[in-house]
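To keep things clear, I will list the structure first and then write my remarks on it.
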Amino acid sequence: MLNLLQEPHGLDTMHGVCVFGTRAAFYQYDSKRQIVLPKPQGQVNFDLDLATESGAVRFMEVTEEVKQMCREFMPDLEVPALPGHS
């Protein structure tokens, strides 16, 4: 994974997610500063519960950001909407 992050890709931010059951941890790689936030500490800090409203909202925010990044790189790409979302 770290090797992929070092390849030129034209993205300012890359998203990563680690999920265990309904618990999730989101990470962002800032390619300009070459850092991962939050900084990995050896153990995953599952700070979100996807079964809660706040966890679901955060998941959808990241999903929409990634979809927008895809549209910018490939304007003709058909990105399907999740049920109940546009």
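Labels used: A, B, ... for chains in the order of the structure tokens, numbers from 1 for residues in each chain, and numbers from 1 for ligands as shown.
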Considering only C-alpha atoms, return as a ChimeraX atom specification whatever protein or nucleic-acid residues lie within 8 Å of region 62-68 of chain A, sequence-local ones (same chain, fewer than 3 positions apart) excluded. /A:15,58-59,71-72,79
Let's have the selection written as an mmCIF file, in the first residue's frame, with N, CA and C atoms.
```cif
data_model
loop_
_atom_site.group_PDB
_atom_site.id
_atom_site.type_symbol
_atom_site.label_atom_id
_atom_site.label_comp_id
_atom_site.auth_asym_id
_atom_site.auth_seq_id
_atom_site.Cartn_x
_atom_site.Cartn_y
_atom_site.Cartn_z
ATOM 1 N N HIS A 15 -7.963 8.381 0.400
ATOM 2 C CA HIS A 15 -8.694 7.912 1.567
ATOM 3 C C HIS A 15 -8.467 6.424 1.775
ATOM 4 N N ARG A 58 -20.639 10.295 8.481
ATOM 5 C CA ARG A 58 -19.215 10.429 8.142
ATOM 6 C C ARG A 58 -18.858 9.517 6.980
ATOM 7 N N PHE A 59 -19.371 8.293 6.980
ATOM 8 C CA PHE A 59 -19.120 7.374 5.878
ATOM 9 C C PHE A 59 -19.616 7.962 4.559
ATOM 10 N N ARG A 71 -15.118 11.881 -10.458
ATOM 11 C CA ARG A 71 -15.731 12.692 -11.528
ATOM 12 C C ARG A 71 -14.731 13.691 -12.111
ATOM 13 N N GLU A 72 -13.860 14.251 -11.264
ATOM 14 C CA GLU A 72 -12.870 15.217 -11.731
ATOM 15 C C GLU A 72 -11.838 14.564 -12.634
ATOM 16 N N VAL A 79 -20.922 6.995 -11.926
ATOM 17 C CA VAL A 79 -20.757 6.601 -10.525
ATOM 18 C C VAL A 79 -22.140 6.372 -9.954
#
```
Mind the document's chain letters and residue numbers, and return as a list in words the residues of region 6-60 of chain A that DSSP labels helix (DSSP H, G or I). Gln6, Glu53, Ser54, Gly55, Ala56, Val57, Arg58, Phe59 and Met60 of chain A
Taking N, CA and C atoms for each residue, export the selection above as a PDB file, in the first residue's frame.
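Dumped everything to again_34.pdb:
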```
ATOM      1  N   GLN A   6       3.413   6.212  -3.108  1.00  0.00           N
ATOM      2  CA  GLN A   6       4.571   6.937  -3.585  1.00  0.00           C
ATOM      3  C   GLN A   6       4.557   7.123  -5.096  1.00  0.00           C
ATOM      4  N   GLU A  53     -25.959   7.105  13.638  1.00  0.00           N
ATOM      5  CA  GLU A  53     -26.207   8.173  12.671  1.00  0.00           C
ATOM      6  C   GLU A  53     -24.930   8.942  12.354  1.00  0.00           C
ATOM      7  N   SER A  54     -24.148   9.288  13.367  1.00  0.00           N
ATOM      8  CA  SER A  54     -22.925  10.068  13.115  1.00  0.00           C
ATOM      9  C   SER A  54     -21.915   9.256  12.301  1.00  0.00           C
ATOM     10  N   GLY A  55     -21.808   7.955  12.562  1.00  0.00           N
ATOM     11  CA  GLY A  55     -20.911   7.113  11.786  1.00  0.00           C
ATOM     12  C   GLY A  55     -21.357   6.980  10.343  1.00  0.00           C
ATOM     13  N   ALA A  56     -22.654   6.813  10.142  1.00  0.00           N
ATOM     14  CA  ALA A  56     -23.194   6.704   8.782  1.00  0.00           C
ATOM     15  C   ALA A  56     -23.006   8.007   8.011  1.00  0.00           C
ATOM     16  N   VAL A  57     -23.210   9.133   8.681  1.00  0.00           N
ATOM     17  CA  VAL A  57     -23.033  10.442   8.031  1.00  0.00           C
ATOM     18  C   VAL A  57     -21.578  10.623   7.612  1.00  0.00           C
ATOM     19  N   ARG A  58     -20.639  10.295   8.481  1.00  0.00           N
ATOM     20  CA  ARG A  58     -19.215  10.429   8.142  1.00  0.00           C
ATOM     21  C   ARG A  58     -18.858   9.517   6.980  1.00  0.00           C
ATOM     22  N   PHE A  59     -19.371   8.293   6.980  1.00  0.00           N
ATOM     23  CA  PHE A  59     -19.120   7.374   5.878  1.00  0.00           C
ATOM     24  C   PHE A  59     -19.616   7.962   4.559  1.00  0.00           C
ATOM     25  N   MET A  60     -20.814   8.536   4.562  1.00  0.00           N
ATOM     26  CA  MET A  60     -21.371   9.127   3.349  1.00  0.00           C
ATOM     27  C   MET A  60     -20.575  10.354   2.905  1.00  0.00           C
TER      28      MET A  60
END
```
Between CA of Leu11 (chain A) and CA of Glu78 (chain A), what is the distance in Å, rounded to a tenth?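 These atoms are spaced 19.5 Å apart.
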Can you tell me, as a ChimeraX atom specification, what residues are no more than 8 Å from Ser31 (chain A) when counting only C-alpha atoms, ignoring any on the same chain fewer than 6 positions away? /A:5,11-14
If you run DSSP over the backbone, which residues in region 28-65 of chain A end up strand (DSSP E or B)? Put them as an NGL selection string. :A and (28-30 or 35-37 or 48-49)
Tell me, as a VMD selection string, which residues lie within 8 Å of region 18-27 of chain A, counting only C-alpha atoms; anything in the same chain fewer than 3 positions away does not count. chain A and resid 15 36 to 38 44 to 51
If you measure from CA of Pro40 (chain A) to CA of Gln28 (chain A), what distance in Å do you get, rounded to one decimal?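 Taking CA of Pro40 (chain A) as the start and CA of Gln28 (chain A) as the end point, the length is 10.6 Å.
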Rounded to one decimal, what separation in Å do you get between CA of Val17 (chain A) and CA of Met74 (chain A)? 22.7 Å
